[in-house]
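S.K.: Here it is: the structure, laid out below.
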Amino acid sequence: MKVIVASFPKCGTKTIASALKELGYDVCDGIDHYELHYKEWMQLFYEGATTEDFREMYENIDACSDVPACFFWEEIHKAFPQSKIIFTQRKSEHEWWASMLRQIQSGDGIKFRLMGLLCPTYRSILKFSKCMGNVVCGFGVERPVFGKYKFNELLWRMSYRRHNEYLLSRAPRDKLLVLELDQGWKPLCEFLQVPVPNVPFPHENKNARLVKDMMKSHPTFQRIKKELLISSAIVVCVLSITLYYFLF
């Protein structure tokens with residue numbers, strides 16, 4: 001582990017992960033944590049973890065970003081004390097919450113409700129997300145098949161403040177970069193001591209497009225779409241047979 005992106009979600013984490021990948025780092029970001037370390041994280045959510053647990057999880061990865069790793073940046077840094085820490089935050093809490101709310105709402109709709117009902121993989125992701133929210137914020141997002149999504153804005157805002165304030169007070173200064181994304185490549189590359197690439201600085205997940213983009217191409221969501229198709233076909237067949245039985 002060389003780099004820990006410790007920013008709270010919706011603070012440019014996807015952009016930084018993309019930039020690190022462009023610089024040649026192997027990045028564990030977002031859903032990668034679920035895919036690679038589901039068992040380990042679920043155990044942590046319920047029972048806790050040791051420094052050695054974090055070392056085993058990330059010893060063969062260059063960088064980590066986004067949830068849930070960003071919430072445990074200090075524990076990961078204890079496992080890898082030579083790693084560098086990158087931190088970003090929104091210009092205001094109001095701006096951050098507006099972006100977070102758009103991200104939550106981007107995963108709503110009939111298709112996502114059906115996925116939660118019919119797709120084992122998506123249900124597993126929702127369970128992972130809910131457990132993480134309970135641990136970090138005290139309240140995960142409730143995503144029922146019917147009715148409105150439920151989330152506690154107050155607890156999310158409090159978690160955002162605590163996270164940022166604690167990190168800025170506790171992260172070792174000689175290992176920390178407080179980055180403004182509009183500064184581009186220069187401060188990031190100077191901090192990491194790598195050459196500036198001859199490509200534009202990335203801007204990912206603009207307008208909360210992450211879920212839509214992943215639905216189009218990410219292998220896990222391609223599997224979910226297949227599960228939805230198979231489960232839907234089974235439901236249609238069962239209903240058709242049942243209807244035929246009662247009518248004829």
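So you can find residues: chains in the structure tokens are A, B, ... in the order shown, residues in each start at 1, and ligands are numbered from 1 in order.
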May I have the residues within 9 Å of Ser129 (chain A) as a ChimeraX atom specification, using only C-alpha atoms and disregarding those fewer than 5 positions away in the same chain?
M.R.: /A:68,124,134,140-141
S.K.: Skipping near chain neighbours, those fewer than 4 positions away, what residues fall within 10 Å of Val194 (chain A) using only C-alpha atoms, listed as a list of chain:residue names?
M.R.: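 Counting only the stated atoms, we get A:Leu23, A:Gly24, A:Lys186, A:Leu188, A:Cys189, A:Glu190.
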S.K.: Take the residues just selected and output them with N, CA and C atoms as a PDB file, in the first residue's frame.
M.R.:
ATOM      1  N   LEU A  23      -1.476   7.152 -13.428  1.00  0.00           N
ATOM      2  CA  LEU A  23      -0.075   7.234 -13.001  1.00  0.00           C
ATOM      3  C   LEU A  23       0.553   5.859 -12.786  1.00  0.00           C
ATOM      4  N   GLY A  24      -0.234   4.798 -13.010  1.00  0.00           N
ATOM      5  CA  GLY A  24       0.318   3.450 -12.938  1.00  0.00           C
ATOM      6  C   GLY A  24       0.069   2.709 -11.652  1.00  0.00           C
ATOM      7  N   LYS A 186      -0.218  18.814 -11.191  1.00  0.00           N
ATOM      8  CA  LYS A 186       1.051  19.231 -10.600  1.00  0.00           C
ATOM      9  C   LYS A 186       1.205  18.900  -9.115  1.00  0.00           C
ATOM     10  N   LEU A 188      -0.387  16.799  -7.199  1.00  0.00           N
ATOM     11  CA  LEU A 188      -0.478  15.355  -6.982  1.00  0.00           C
ATOM     12  C   LEU A 188       0.818  14.673  -7.384  1.00  0.00           C
ATOM     13  N   CYS A 189       1.325  15.004  -8.550  1.00  0.00           N
ATOM     14  CA  CYS A 189       2.547  14.359  -9.044  1.00  0.00           C
ATOM     15  C   CYS A 189       3.769  14.767  -8.221  1.00  0.00           C
ATOM     16  N   GLU A 190       3.813  15.999  -7.774  1.00  0.00           N
ATOM     17  CA  GLU A 190       4.924  16.423  -6.913  1.00  0.00           C
ATOM     18  C   GLU A 190       4.893  15.667  -5.593  1.00  0.00           C
TER      19      GLU A 190
END
S.K.: Report, in Å with one decimal, the straight-line distance from CA of Leu192 (chain A) to CA of Ser92 (chain A).
M.R.: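 One can read the CA of Leu192 (chain A) to CA of Ser92 (chain A) distance as 27.0 Å.
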S.K.: Tell me, as a compact mmCIF listing (two decimals) with C-alpha atoms, in the first residue's frame, which residues lie within 8 Å of Gly30 (chain A), counting only C-alpha atoms; anything in the same chain fewer than 5 positions away does not count.
M.R.:
# COMPACT_ATOMS: atom_id res chain seq x y z
CA SER A 65 -9.97 4.85 -2.31
CA ASP A 66 -13.62 5.41 -1.43
CA VAL A 67 -15.84 3.39 0.88
CA PRO A 68 -15.31 1.59 3.11
S.K.: Looking at A:Ala171, A:Ala49, A:Val5, A:Ile61, which one is nearest to Tyr25 (chain A), with distances taken over only C-alpha atoms?
M.R.: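 The closest residue to Tyr25 (chain A) is A:Ile61.
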S.K.: Please, which residues in region 9-66 of chain A fall within 12 Å of region 153-163 of chain A when counting only C-alpha atoms, and what is the closest atom pair and distance in Å to one decimal for each, ordered by chain then residue number, as CSV?
M.R.:
residue,atom,partner,partner_atom,distance
A:Pro9,CA,A:Tyr160,CA,8.8
A:Lys10,CA,A:Tyr160,CA,10.3
A:Cys11,CA,A:Tyr160,CA,10.3
S.K.: Write out as a VMD selection string the residues lying within 10 Å of Phe201 (chain A), counting only C-alpha atoms and excluding same-chain residues fewer than 4 positions away.
M.R.: chain A and resid 15 to 16 18 to 19 22 181 to 186 196 to 197
S.K.: Could you name the residues that touch Ile85 (chain A) at 8 Å or less, counting only C-alpha atoms, but leaving out those on the same chain fewer than 6 positions away, as a list in words?
M.R.: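 The residues satisfying every condition are Val3, Ile4, Val5, Ala6, Ala171, Lys175, Leu176 and Leu177 of chain A.
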S.K.: What is the CA of Cys137 (chain A)-CA of Ala79 (chain A) distance in Å, reported with one decimal?
M.R.: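 About the pair CA of Cys137 (chain A) and CA of Ala79 (chain A): they are 23.7 Å apart.
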S.K.: Select from region 3-248 of chain A everything DSSP, run on the backbone, classes as strand (DSSP E or B), then give the selection as JSON, numbers by chain.
M.R.: {"A": [3, 4, 5, 27, 28, 29, 63, 64, 65, 84, 85, 86, 87, 142, 150, 176, 177, 178]}
S.K.: Would you please give, as a ChimeraX atom specification, all residues of region 104-232 of chain A that DSSP assigns to alpha helix (DSSP H) based on the backbone?
M.R.: /A:104-106,110-118,120-136,153-170,185-192,210-217,219-232
S.K.: So, with only C-alpha atoms as the atoms that count, which of A:Leu114, A:Ile76, A:Cys70, A:Ile86 lies closest to Glu227 (chain A)?
M.R.: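 Of all the options, A:Leu114 lies closest to Glu227 (chain A).
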S.K.: Using only C-alpha atoms, which residues sit within 9 Å of region 219-222 of chain A once same-chain residues fewer than 2 positions away are excluded, as a ChimeraX atom specification?
M.R.: /A:31,35,121-122,214-217,224-227
S.K.: Which residue is closest to Gly48 (chain A)? Choose from A:Leu36, A:Ala63, A:Leu228, A:Val135 and count only C-alpha atoms.
M.R.: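 The shortest atom-to-atom distance to Gly48 (chain A) comes from A:Val135.
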S.K.: Report, in Å to a single decimal, how far apart CA of Val178 (chain A) and CA of Gly133 (chain A) are.
M.R.: 25.2 Å
